[in-house]
4 protein chains.
Amino acid sequence: MKAGIVGATGYGGIELYRILTVHPLINELTLYSSSQAGEYFEDIYPQMDHQESHRLADLDPEKMVQEQDVIFLATPAGVSSKLTPQLRGGKARIIDLSGDLRLKNAKDYEHWYKKPSASEETLKEAVYGLPEWNKEEIQSAHVIANPGCYPTATLLGLGPLVKEGLAEPSSIVIDAKSGVSGAGKNPNPVTHFAHVQENFQIYKVNQHQHIPEIEQQLNEWNESSQPVTFSTHLVPMTKGIMATIYLQLTEEKTLEELRSIFMSYYGNQPFVRLRDDMSYPCTKDVYGSNYCDIGLTLDPRTNRVTIVSVIDNLMKGAASQAVQNMNLLFDVDERTGLTPLPVYP
Amino acid sequence: MKAGIVGATGYGGIELYRILTVHPLINELTLYSSSQAGEYFEDIYPQMDHQESHRLADLDPEKMVQEQDVIFLATPAGVSSKLTPQLRGGKARIIDLSGDLRLKNAKDYEHWYKKPSASEETLKEAVYGLPEWNKEEIQSAHVIANPGCYPTATLLGLGPLVKEGLAEPSSIVIDAKSGVSGAGKNPNPVTHFAHVQENFQIYKVNQHQHIPEIEQQLNEWNESSQPVTFSTHLVPMTKGIMATIYLQLTEEKTLEELRSIFMSYYGNQPFVRLRDDMSYPCTKDVYGSNYCDIGLTLDPRTNRVTIVSVIDNLMKGAASQAVQNMNLLFDVDERTGLTPLPVYP
Amino acid sequence: MKAGIVGATGYGGIELYRILTVHPLINELTLYSSSQAGEYFEDIYPQMDHQESHRLADLDPEKMVQEQDVIFLATPAGVSSKLTPQLRGGKARIIDLSGDLRLKNAKDYEHWYKKPSASEETLKEAVYGLPEWNKEEIQSAHVIANPGCYPTATLLGLGPLVKEGLAEPSSIVIDAKSGVSGAGKNPNPVTHFAHVQENFQIYKVNQHQHIPEIEQQLNEWNESSQPVTFSTHLVPMTKGIMATIYLQLTEEKTLEELRSIFMSYYGNQPFVRLRDDMSYPCTKDVYGSNYCDIGLTLDPRTNRVTIVSVIDNLMKGAASQAVQNMNLLFDVDERTGLTPLPVYP
Amino acid sequence: MKAGIVGATGYGGIELYRILTVHPLINELTLYSSSQAGEYFEDIYPQMDHQESHRLADLDPEKMVQEQDVIFLATPAGVSSKLTPQLRGGKARIIDLSGDLRLKNAKDYEHWYKKPSASEETLKEAVYGLPEWNKEEIQSAHVIANPGCYPTATLLGLGPLVKEGLAEPSSIVIDAKSGVSGAGKNPNPVTHFAHVQENFQIYKVNQHQHIPEIEQQLNEWNESSQPVTFSTHLVPMTKGIMATIYLQLTEEKTLEELRSIFMSYYGNQPFVRLRDDMSYPCTKDVYGSNYCDIGLTLDPRTNRVTIVSVIDNLMKGAASQAVQNMNLLFDVDERTGLTPLPVYP
């Protein structure tokens with residue numbers, strides 16, 4: 001099969017390259033870049049020099065539609081809303097890693113992203129690619145909206161209790177923390193090493209564009225959902241997300257009961273691991289892997305549930321989840337090419 | 001004046017040394033260590049070599065009571081509960097940086113610290129040393145219980161709204177993050193560099209011994225207080241604490257009104273800085289200083305208030321706050337010897 | 001094939017586990033630990049939880065000899081010198097990752113390691129496993145002494161010019177820098193996060209036990225070799241080694257000529273990559289991979305050559321090089337199971 | 001006295017602000033910035049908010065000459081070469097932290113900096129401000145060329161042996177490592193956190209503009225000096241420089257003899273600390289201070305001397321050394337305002 005990556009020189013694109021270059025399904029990989037077309041990928045990233053060289057190709061939607069079986073869009077907001085329609089009509093399936101196709105409501109996109117939205121037709125065609133919750137729809141999709149990094153960690157943590165109607169809608173507080181790679185490759189004062197090192201920052205309080213994405217899915221699971229409180233922080237590390245989630249229950253449950261609810265949803269999911277009682281995952285537990293690790297507890301003093309959900313923001317939060325979606329699209333075991341265990345130490 | 005530091009080779013002790021060695025009030029400084037008595041401080045910490053050398057003295061409470069004007073106890077839990085009574089009766093004032101004298105209720109101490117508590121008499125004598133809220137009591141105290149690092153950040157953030165009865169008691173969630181120095185100097189698997197680097201960890205969920213300290217003060221401010229949810233995380237950095245605090249209001253207020261309430265409490269406090277609207281402090285903003293920086297906002301979508309409070313855990317969260325208390329004890333400007341601005345970058 | 005790892009819970013052992021658990025040659029993997037036998041590997045490292053669980057087995061040399069095709073010894077100095085003889089006589093090939101079998105001269109071992117050496121017979125049987133220089137001997141070996149991390153980076157950098165007699169013997173200075181994982185998993189004051197972070201340390205100046213290992217190989221390449229100057233530094237990062245090597249030439253050469261000499265040795269080596277002129281590798285270029293990247297230059301002002309050689313200390317400097325050796329022992333492509341590209345960012 | 005800082009918003013400028021704002025000699029401090037004039041310093045750096053606010057003033061050389069007693073130029077290369085002549089003629093002394101006035105030979109500047117040099121007259125007036133070697137000249141100077149960060153660490157390490165003619169001129173190799181703040185505040189791909197973290201990089205091999213500055217001073221100490229080999233590396237930390245220096249002796253000496261030579265030069269210098277035998281400084285030993293710590297050893301196997309010299313690149317390597325020079329200019333104790341001990345941990 002043939003695959004193409006648009007935006008191959010960004011952080012998401014590099015991870016896609018690393019995975020797809022050794023993926024058993026893919027025997028031809030084309031890298032596209034509008035800004036660096038003509039250059040060799042290995043000149044930009046000498047560490048990726050490996051067997052064959054890749055010259056960055058210019059974007060030519062018509063040709064791409066003909067040639068590729070699957071096209072990954074690892075592009076900034078505002079690109080795939082325009083590009084996706086041009087890539088439809090041929091055999092190529094589209095997996096979009098940006099936020100452009102995730103929000104069903106065009107107005108929400110425009111409000112939170114401050115950009116024009118994709119067309120309603122395009123939005124309608126896009127399937128939200130959270131495989132643990134949406135496997136069947138994904139398998140028959142043509143266009144996948146790959147979830148955002150924060151929503152992936154948050155939704156996998158919140159899903160079981162919200163779906164079961166056990167989370168008190170107005171009580172949900174999500175305190176999320178991310179490594180700096182989430183801010184992308186472009187250098188700026190906030191990602192300068194001397195500023196980030198020995199620093200813990202909060203940003204976009206109540207304003208992050210991943211809020212409507214989270215709320216849209218919560219609503220789908222449970223119509224009585226309400227707006228959530230969602231804060232994002234920058235951790236002085238490159239990769240990893242932890243979402244610490246707080247909520248109150250709508251009815252009394254023991255921790256054991258809560259754990260079996262989680263197991264009923266995730267017991268057969270190869271990439272979600274539930275921790276034993278009194279054990280919580282740290283972000284390094286999933287470093288470089290497609291896993292989402294979850295721990296949870298119930299505080300008898302406050303009756304509040306705390307759920308801890310961790311992912312690698314560039315893997316399960318972007319590239320490896322996109323490949324998991326590709327595997328589902330092409331009807332192979334969803335673990336194909338995603339075997340590596342987390343790096344430690 | 002003469003000062004002594006017990007536990008001078010721990011992280012809190014070193015910071016005390018750094019501050020007191022150039023403090024204008026102190027002209028003689030004695031360092032005590034039970035485990036390393038006889039050694040020279042400068043042999044253990046060559047970076048502290050400076051003008052005169054300090055040989056670590058053995059603990060001799062009787063002699064210390066006679067000689068010292070002020071004694072800082074920078075010792076692990078369980079030491080000052082026993083040592084403090086032996087240091088009373090002379091002129092020496094005691095400033096205890098451990099948790100031993102903070103909880104008025106001996107049973108709380110025993111439940112959360114899993115150790116025998118100090119005597120009721122000792123607990124009764126100790127004044128909780130949070131200068132922004134307790135200045136007068138501190139000035140006439142003989143024994144100061146210097147606040148914990150997490151409680152300092154949390155209480156300074158929560159104080160105004162709790163005191164005014166504006167915080168809905170059951171709604172308070174505190175998501176706290178700390179640099180690794182908070183775990184102390186003793187090497188263990190959790191503080192090994194290879195484990196901490198590129199890692200974000202949660203620990204002691206709902207079990208941290210600073211919870212009762214926070215709740216005791218909230219109760220003092222407002223009798224209708226309830227248990228809080230309090231989570232602690234380890235950030236891959238050495239110093240700094242951020243407490244991200246969430247709560248709902250008991251009555252409708254604008255952000256502007258909330259800000260003026262904060263200003264009415266902190267406008268004249270030299271070490272609390274309130275950020276402008278839409279600006280939030282990061283931990284590096286107070287690195288190496290005695291400042292507590294606070295930002296706050298109100299989310300119209302959820303009616304939840306988010307308060308962000310940052311300190312340097314070894315400074316305002318330990319050593320420099322102890323010196324601020326000493327300044328108050330000895331009736332000099334509380335800023336004396338605490339002028340250094342935060343280190344940046 | 002069946003493989004066993006002794007010392008599976010150390011840093012080298014974990015990396016071996018990560019590689020071997022998805023290695024196509026290995027269908028049964030046994031983990032041994034003298035200190036933690038009986039425990040489950042996945043309880044100690046929950047991040048490695050994956051398909052089947054592994055209970056740590058006690059060391060039983062007789063049984064191991066019968067059962068295993070290959071045994072990796074990822075043990076501290078002083079263990080494999082005693083264990084190796086007990087593991088001989090059956091089909092099991094031994095790959096020792098410690099320093100015990102590397103030095104041919106028992107007295108050198110005792111001088112630098114301050115421990116009793118392995119027997120002369122054992123030392124004689126062990127083949128030094130630096131595949132780029134020793135492929136044939138490795139293929140027919142029964143016992144492999146897997147090279148040290150610093151020697152791997154240093155020798156791959158120095159090899160071509162020393163072998164060709166172009167390096168002035170008395171002129172060689174090696175300034176080496178390593179991530180902290182090289183110091184092993186045991187917590188101690190030097191690896192405490194708060195000490196390492198924002199710190200760059202030098203250690204064991206002229207005393208590192210890898211010095212005789214380097215000199216032994218240089219001598220084998222060129223009898224006129226002399227002692228080298230070798231310094232080791234600790235970088236505030238977990239993984240990676242850079243050796244910056246300085247030497248003077250015995251005869252005049254252009255940089256182009258030097259580069260072709262390097263290419264004549266490494267042009268066909270799948271895991272050594274020579275950088276283009278004026279480009280130097282950084283340690284992240286090989287992160288998580290089996291590559292050794294090399295850059296070099298010649299200073300017309302001083303006639304000194306600078307060679308920069310980087311590896312991942314736990315991979316090419318330990319575990320993945322051991323697997324490369326295993327591949328050679330079992331006569332498969334040396335890249336088998338070692339395909340992952342470096343992690344970036 | 002009145003002081004001005006030109007380029008106050010750069011890293012060097014911020015450190016100057018931190019020191020001068022509490023310096024007993026200075027009672028009025030003006031901050032200048034060509035790019036951000038009119039803004040408030042405290043809006044750009046809220047962490048520096050303190051007592052009085054500072055509005056960034058536009059550069060007006062004529063006015064500055066009249067008003068200021070001392071002007072610090074913390075500007076990029078190419079600025080002070082033009083600005084210095086305009087600031088002469090009044091009472092204001094000039095301390096230039098850039099490289100513009102350091103090289104006496106205009107051609108050297110143009111070759112290494114690739115920019116037009118300052119006029120010969122300006123170069124002639126500037127005194128190289130390395131106080132440990134040049135105190136008297138500094139005291140009577142009007143213009144100080146404050147040394148570069150790498151040269152400060154290197155020259156303080158090399159000085160005694162070169163001055164005594166004990167360093168074999170052709171044998172000197174300097175392997176220098178710096179924190180990332182040395183690269184300045186401007187964000188770029190090389191200083192992006194995600195690139196720097198878990199990475200150790202070499203750069204400008206044999207091409208660093210500090211090479212001629214080092215060689216100029218070596219030549220002044222000893223006419224038989226020759227070009228040195230000098231490599232620079234980027235450490236994943238914000239602050240700190242270590243220069244590991246290798247050389248061969250021109251005559252046999254014991255380590256004890258070498259140490260007494262160092263003591264004869266530095267025994268009375270308040271900011272140079274020589275380590276005991278077998279002890280070497282790490283960069284954190286001088287963090288946030290004006291110290292230069294030095295360790296040295298002699299390898300009997302190679303007859304090579306290894307000298308380890310560490311500084312804080314923004315303090316002794318820039319801002320605090322500039323203030324030390326100011327103290328000398330104004331004839332006060334050179335330690336005035338420079339008392340803070342290194343930060344630890």
# chains A, B, ... in the order shown; residues from 1 in each chain; ligands from 1
call {"tool": "interface_residues", "arguments": {"of": "chain A", "to": "chain D", "cutoff": "12 Å", "atoms": "only C-alpha atoms", "output": "ChimeraX atom specification"}}
result
/A:11,44-45,179-199,234-240,345
call {"tool": "write_last_selection", "arguments": {"atoms": "N, CA and C atoms", "output": "mmCIF file, in the first residue's frame"}}
result
data_model
loop_
_atom_site.group_PDB
_atom_site.id
_atom_site.type_symbol
_atom_site.label_atom_id
_atom_site.label_comp_id
_atom_site.auth_asym_id
_atom_site.auth_seq_id
_atom_site.Cartn_x
_atom_site.Cartn_y
_atom_site.Cartn_z
ATOM 1 N N TYR A 11 6.291 18.096 13.966
ATOM 2 C CA TYR A 11 6.498 17.039 14.965
ATOM 3 C C TYR A 11 5.597 15.829 14.730
ATOM 4 N N ILE A 44 17.136 17.663 6.261
ATOM 5 C CA ILE A 44 16.513 18.424 7.345
ATOM 6 C C ILE A 44 16.621 17.651 8.654
ATOM 7 N N TYR A 45 16.408 16.351 8.585
ATOM 8 C CA TYR A 45 16.490 15.490 9.773
ATOM 9 C C TYR A 45 17.497 14.368 9.536
ATOM 10 N N GLY A 179 3.625 18.116 27.759
ATOM 11 C CA GLY A 179 4.986 18.437 27.351
ATOM 12 C C GLY A 179 4.967 19.495 26.257
ATOM 13 N N VAL A 180 6.125 20.073 26.004
ATOM 14 C CA VAL A 180 6.228 21.265 25.158
ATOM 15 C C VAL A 180 6.065 20.956 23.680
ATOM 16 N N SER A 181 6.272 19.707 23.260
ATOM 17 C CA SER A 181 6.150 19.398 21.831
ATOM 18 C C SER A 181 4.733 19.656 21.340
ATOM 19 N N GLY A 182 3.772 19.663 22.264
ATOM 20 C CA GLY A 182 2.406 19.974 21.882
ATOM 21 C C GLY A 182 2.251 21.352 21.268
ATOM 22 N N ALA A 183 3.189 22.241 21.565
ATOM 23 C CA ALA A 183 3.112 23.603 21.022
ATOM 24 C C ALA A 183 3.682 23.695 19.616
ATOM 25 N N GLY A 184 4.173 22.562 19.086
ATOM 26 C CA GLY A 184 4.663 22.556 17.712
ATOM 27 C C GLY A 184 6.108 22.991 17.574
ATOM 28 N N LYS A 185 6.604 22.888 16.330
ATOM 29 C CA LYS A 185 8.026 23.040 16.039
ATOM 30 C C LYS A 185 8.466 24.490 15.940
ATOM 31 N N ASN A 186 7.522 25.400 15.685
ATOM 32 C CA ASN A 186 7.899 26.799 15.484
ATOM 33 C C ASN A 186 8.483 27.413 16.747
ATOM 34 N N PRO A 187 9.706 27.941 16.660
ATOM 35 C CA PRO A 187 10.322 28.542 17.851
ATOM 36 C C PRO A 187 9.590 29.808 18.262
ATOM 37 N N ASN A 188 9.362 29.980 19.543
ATOM 38 C CA ASN A 188 8.785 31.229 20.041
ATOM 39 C C ASN A 188 9.182 31.401 21.498
ATOM 40 N N PRO A 189 8.941 32.593 22.072
ATOM 41 C CA PRO A 189 9.447 32.844 23.430
ATOM 42 C C PRO A 189 8.961 31.817 24.455
ATOM 43 N N VAL A 190 7.750 31.307 24.282
ATOM 44 C CA VAL A 190 7.200 30.385 25.270
ATOM 45 C C VAL A 190 7.857 29.008 25.212
ATOM 46 N N THR A 191 8.433 28.658 24.077
ATOM 47 C CA THR A 191 9.075 27.344 23.978
ATOM 48 C C THR A 191 10.601 27.427 24.014
ATOM 49 N N HIS A 192 11.139 28.618 24.246
ATOM 50 C CA HIS A 192 12.598 28.765 24.374
ATOM 51 C C HIS A 192 13.054 27.953 25.592
ATOM 52 N N PHE A 193 14.117 27.177 25.404
ATOM 53 C CA PHE A 193 14.579 26.314 26.480
ATOM 54 C C PHE A 193 14.788 27.071 27.785
ATOM 55 N N ALA A 194 15.435 28.244 27.688
ATOM 56 C CA ALA A 194 15.763 28.974 28.912
ATOM 57 C C ALA A 194 14.521 29.453 29.651
ATOM 58 N N HIS A 195 13.418 29.569 28.933
ATOM 59 C CA HIS A 195 12.167 29.963 29.582
ATOM 60 C C HIS A 195 11.435 28.749 30.169
ATOM 61 N N VAL A 196 11.479 27.637 29.479
ATOM 62 C CA VAL A 196 10.716 26.446 29.878
ATOM 63 C C VAL A 196 11.388 25.682 31.023
ATOM 64 N N GLN A 197 12.696 25.570 30.953
ATOM 65 C CA GLN A 197 13.449 24.786 31.940
ATOM 66 C C GLN A 197 13.214 25.358 33.343
ATOM 67 N N GLU A 198 13.022 24.467 34.319
ATOM 68 C CA GLU A 198 12.742 24.912 35.684
ATOM 69 C C GLU A 198 11.549 25.854 35.726
ATOM 70 N N ASN A 199 10.524 25.525 34.959
ATOM 71 C CA ASN A 199 9.344 26.381 34.905
ATOM 72 C C ASN A 199 8.112 25.510 34.695
ATOM 73 N N LEU A 234 1.912 23.756 30.829
ATOM 74 C CA LEU A 234 3.095 23.347 30.086
ATOM 75 C C LEU A 234 4.129 22.807 31.071
ATOM 76 N N VAL A 235 4.495 21.548 30.913
ATOM 77 C CA VAL A 235 5.473 20.897 31.785
ATOM 78 C C VAL A 235 6.846 20.972 31.122
ATOM 79 N N PRO A 236 7.903 21.242 31.892
ATOM 80 C CA PRO A 236 9.242 21.270 31.287
ATOM 81 C C PRO A 236 9.725 19.881 30.870
ATOM 82 N N MET A 237 9.063 19.334 29.884
ATOM 83 C CA MET A 237 9.468 18.060 29.283
ATOM 84 C C MET A 237 8.994 18.093 27.835
ATOM 85 N N THR A 238 9.508 17.228 27.004
ATOM 86 C CA THR A 238 9.163 17.278 25.588
ATOM 87 C C THR A 238 7.829 16.601 25.305
ATOM 88 N N LYS A 239 7.653 15.387 25.839
ATOM 89 C CA LYS A 239 6.483 14.606 25.457
ATOM 90 C C LYS A 239 5.701 14.105 26.667
ATOM 91 N N GLY A 240 4.413 13.922 26.472
ATOM 92 C CA GLY A 240 3.578 13.353 27.519
ATOM 93 C C GLY A 240 2.447 14.278 27.917
ATOM 94 N N PRO A 345 14.629 3.776 30.899
ATOM 95 C CA PRO A 345 14.306 5.111 31.434
ATOM 96 C C PRO A 345 14.422 6.128 30.331
#
call {"tool": "residues_around", "arguments": {"residues": "region 69-74 of chain D", "least_positions_apart": "5", "cutoff": "8 Å", "atoms": "only C-alpha atoms", "output": "ChimeraX atom specification"}}
result
/D:1-8,10,12-13,80,91-98,322,326
call {"tool": "select_by_dssp", "arguments": {"residues": "region 200-231 of chain D", "states": "strand (DSSP E)", "output": "CSV table (one decimal) with N, CA and C atoms, in the first residue's frame"}}
result
chain,number,residue,atom,x,y,z
D,201,GLN,N,24.7,19.0,22.3
D,201,GLN,CA,25.1,19.4,21.0
D,201,GLN,C,26.5,20.0,20.9
D,202,ILE,N,27.2,19.8,19.8
D,202,ILE,CA,28.4,20.6,19.6
D,202,ILE,C,28.2,21.6,18.5
D,203,TYR,N,28.8,22.7,18.6
D,203,TYR,CA,28.5,23.8,17.6
D,203,TYR,C,29.8,24.6,17.3
D,229,THR,N,43.1,24.8,20.4
D,229,THR,CA,41.9,24.1,19.9
D,229,THR,C,40.8,24.3,20.9
D,230,PHE,N,39.7,24.8,20.4
D,230,PHE,CA,38.6,25.3,21.3
D,230,PHE,C,37.3,24.8,20.8
D,231,SER,N,36.6,23.9,21.5
D,231,SER,CA,35.3,23.4,21.1
D,231,SER,C,34.2,23.9,22.0
call {"tool": "residues_around", "arguments": {"residues": "Asn290 (chain A)", "least_positions_apart": "2", "cutoff": "12 Å", "atoms": "only C-alpha atoms", "output": "MDAnalysis selection string"}}
result
(chainID A and resid 15 19 131 149 152:153 240 269:273 285:288 292:293 310:325 334:343) or (chainID C and resid 47)
call {"tool": "write_last_selection", "arguments": {"atoms": "N, CA and C atoms", "output": "CSV table (one decimal), in the first residue's frame"}}
result
chain,number,residue,atom,x,y,z
A,15,GLU,N,6.9,11.8,13.5
A,15,GLU,CA,6.4,10.6,14.2
A,15,GLU,C,5.7,9.7,13.3
A,19,ILE,N,6.9,5.8,12.3
A,19,ILE,CA,6.1,4.6,12.4
A,19,ILE,C,5.8,3.9,11.0
A,131,PRO,N,-10.7,5.2,18.5
A,131,PRO,CA,-11.0,3.8,18.2
A,131,PRO,C,-11.6,3.1,19.4
A,149,CYS,N,-4.8,15.9,21.2
A,149,CYS,CA,-4.0,15.2,22.2
A,149,CYS,C,-4.7,15.3,23.6
A,152,THR,N,-8.0,13.2,23.7
A,152,THR,CA,-7.8,11.7,23.7
A,152,THR,C,-7.6,11.3,25.2
A,153,ALA,N,-6.7,12.0,25.9
A,153,ALA,CA,-6.4,11.6,27.3
A,153,ALA,C,-7.7,11.9,28.1
A,240,GLY,N,4.4,13.9,26.5
A,240,GLY,CA,3.6,13.4,27.5
A,240,GLY,C,2.4,14.3,27.9
A,269,GLN,N,-9.6,-3.6,25.1
A,269,GLN,CA,-8.9,-2.7,24.3
A,269,GLN,C,-7.4,-2.8,24.4
A,270,PRO,N,-6.7,-3.1,23.3
A,270,PRO,CA,-5.3,-3.4,23.5
A,270,PRO,C,-4.4,-2.2,24.0
A,271,PHE,N,-4.9,-1.0,23.8
A,271,PHE,CA,-4.1,0.2,24.1
A,271,PHE,C,-4.5,1.0,25.3
A,272,VAL,N,-5.5,0.5,26.0
A,272,VAL,CA,-5.8,1.1,27.3
A,272,VAL,C,-5.5,0.2,28.5
A,273,ARG,N,-4.7,0.6,29.4
A,273,ARG,CA,-4.4,-0.2,30.5
A,273,ARG,C,-4.9,0.5,31.8
A,285,ASP,N,5.3,6.3,31.7
A,285,ASP,CA,4.8,4.9,31.5
A,285,ASP,C,4.3,4.7,30.1
A,286,VAL,N,4.1,5.7,29.3
A,286,VAL,CA,3.6,5.5,28.0
A,286,VAL,C,4.5,6.2,26.9
A,287,TYR,N,5.6,6.6,27.4
A,287,TYR,CA,6.5,7.4,26.5
A,287,TYR,C,6.9,6.6,25.2
A,288,GLY,N,6.6,7.2,24.1
A,288,GLY,CA,6.9,6.6,22.8
A,288,GLY,C,6.0,5.5,22.4
A,292,CYS,N,-2.7,4.3,26.5
A,292,CYS,CA,-3.3,5.3,27.4
A,292,CYS,C,-3.4,4.5,28.7
A,293,ASP,N,-2.7,5.0,29.8
A,293,ASP,CA,-2.8,4.3,31.1
A,293,ASP,C,-3.7,5.1,32.0
A,310,VAL,N,-3.0,9.2,31.2
A,310,VAL,CA,-1.8,9.6,30.6
A,310,VAL,C,-1.6,9.0,29.2
A,311,ILE,N,-1.1,9.9,28.3
A,311,ILE,CA,-0.7,9.4,26.9
A,311,ILE,C,0.6,10.1,26.5
A,312,ASP,N,1.2,9.6,25.4
A,312,ASP,CA,2.2,10.3,24.7
A,312,ASP,C,1.5,11.2,23.7
A,313,ASN,N,1.7,12.6,23.9
A,313,ASN,CA,0.9,13.5,23.1
A,313,ASN,C,1.1,13.4,21.6
A,314,LEU,N,2.3,13.0,21.2
A,314,LEU,CA,2.6,12.8,19.8
A,314,LEU,C,2.3,11.5,19.3
A,315,MET,N,2.1,10.5,20.2
A,315,MET,CA,1.8,9.1,19.7
A,315,MET,C,0.3,8.9,19.8
A,316,LYS,N,-0.2,8.4,21.0
A,316,LYS,CA,-1.7,8.2,21.1
A,316,LYS,C,-2.4,9.5,20.9
A,317,GLY,N,-1.7,10.6,21.2
A,317,GLY,CA,-2.3,11.9,21.0
A,317,GLY,C,-2.2,12.5,19.6
A,318,ALA,N,-1.6,11.7,18.7
A,318,ALA,CA,-1.5,12.2,17.3
A,318,ALA,C,-1.1,11.0,16.4
A,319,ALA,N,0.2,10.8,16.2
A,319,ALA,CA,0.6,9.9,15.1
A,319,ALA,C,0.3,8.5,15.2
A,320,SER,N,0.5,7.9,16.4
A,320,SER,CA,0.2,6.4,16.5
A,320,SER,C,-1.3,6.1,16.5
A,321,GLN,N,-2.0,7.1,17.1
A,321,GLN,CA,-3.5,6.9,17.0
A,321,GLN,C,-4.0,7.0,15.6
A,322,ALA,N,-3.3,7.9,14.8
A,322,ALA,CA,-3.7,8.0,13.4
A,322,ALA,C,-3.4,6.7,12.7
A,323,VAL,N,-2.3,6.0,13.0
A,323,VAL,CA,-1.9,4.7,12.4
A,323,VAL,C,-2.9,3.6,12.9
A,324,GLN,N,-3.3,3.7,14.2
A,324,GLN,CA,-4.3,2.8,14.7
A,324,GLN,C,-5.6,2.9,13.9
A,325,ASN,N,-5.9,4.2,13.6
A,325,ASN,CA,-7.1,4.4,12.7
A,325,ASN,C,-6.9,3.8,11.3
A,334,GLU,N,-5.5,-3.9,14.9
A,334,GLU,CA,-5.2,-2.5,15.1
A,334,GLU,C,-3.8,-2.2,15.7
A,335,ARG,N,-3.2,-3.3,16.2
A,335,ARG,CA,-1.9,-3.2,16.8
A,335,ARG,C,-0.8,-3.2,15.7
A,336,THR,N,-1.1,-3.5,14.5
A,336,THR,CA,-0.1,-3.7,13.4
A,336,THR,C,0.9,-2.5,13.4
A,337,GLY,N,2.1,-2.7,13.5
A,337,GLY,CA,3.1,-1.6,13.4
A,337,GLY,C,3.2,-0.8,14.6
A,338,LEU,N,2.4,-1.1,15.7
A,338,LEU,CA,2.4,-0.3,16.9
A,338,LEU,C,2.9,-1.0,18.1
A,339,THR,N,3.8,-2.0,17.9
A,339,THR,CA,4.2,-2.9,19.0
A,339,THR,C,5.2,-2.3,20.0
A,340,PRO,N,5.9,-1.2,19.6
A,340,PRO,CA,7.0,-0.8,20.6
A,340,PRO,C,6.4,-0.5,22.0
A,341,LEU,N,7.1,-1.0,22.9
A,341,LEU,CA,6.8,-0.7,24.3
A,341,LEU,C,7.3,0.7,24.7
A,342,PRO,N,6.8,1.3,25.8
A,342,PRO,CA,7.3,2.6,26.2
A,342,PRO,C,8.8,2.5,26.4
A,343,VAL,N,9.5,3.6,26.1
A,343,VAL,CA,10.9,3.8,26.4
A,343,VAL,C,11.1,4.0,27.9
C,47,GLN,N,4.7,-0.1,33.1
C,47,GLN,CA,4.7,0.3,31.7
C,47,GLN,C,5.1,-0.8,30.8
call {"tool": "residues_around", "arguments": {"residues": "Gln209 (chain C)", "least_positions_apart": "6", "cutoff": "9 Å", "atoms": "only C-alpha atoms", "output": "list of chain:residue names"}}
result
C:Gly99, C:Tyr109, C:His111, C:Trp112, C:Tyr113
call {"tool": "residues_around", "arguments": {"residues": "region 262-268 of chain C", "least_positions_apart": "5", "cutoff": "8 Å", "atoms": "only C-alpha atoms", "output": "list in words"}}
result
Glu132, Pro160, Leu161, Arg273 and Leu274 of chain C
call {"tool": "select_by_dssp", "arguments": {"residues": "region 160-250 of chain C", "states": "helix (DSSP H, G or I)", "output": "VMD selection string"}}
result
chain C and resid 160 to 163 169 to 171 180 to 183 189 to 191 193 to 196 211 to 221
call {"tool": "atom_distance", "arguments": {"atom1": "CA of Pro281 (chain C)", "atom2": "CA of His50 (chain A)"}}
result
15.2 Å
call {"tool": "closest_residue", "arguments": {"among": "D:Pro61, D:Gly38, D:Pro24, D:Pro300", "to": "Gly89 (chain D)", "atoms": "only C-alpha atoms"}}
result
D:Pro61
call {"tool": "residues_around", "arguments": {"residues": "region 245-255 of chain B", "least_positions_apart": "3", "cutoff": "7 Å", "atoms": "only C-alpha atoms", "output": "number ranges by chain"}}
result
B: 166-168, 171-175, 258-259, 297-298, 303-308
call {"tool": "atom_distance", "arguments": {"atom1": "CA of Leu130 (chain D)", "atom2": "CA of Glu62 (chain D)"}}
result
28.8 Å
call {"tool": "atom_distance", "arguments": {"atom1": "CA of Ile14 (chain C)", "atom2": "CA of Ser53 (chain C)"}}
result
14.2 Å
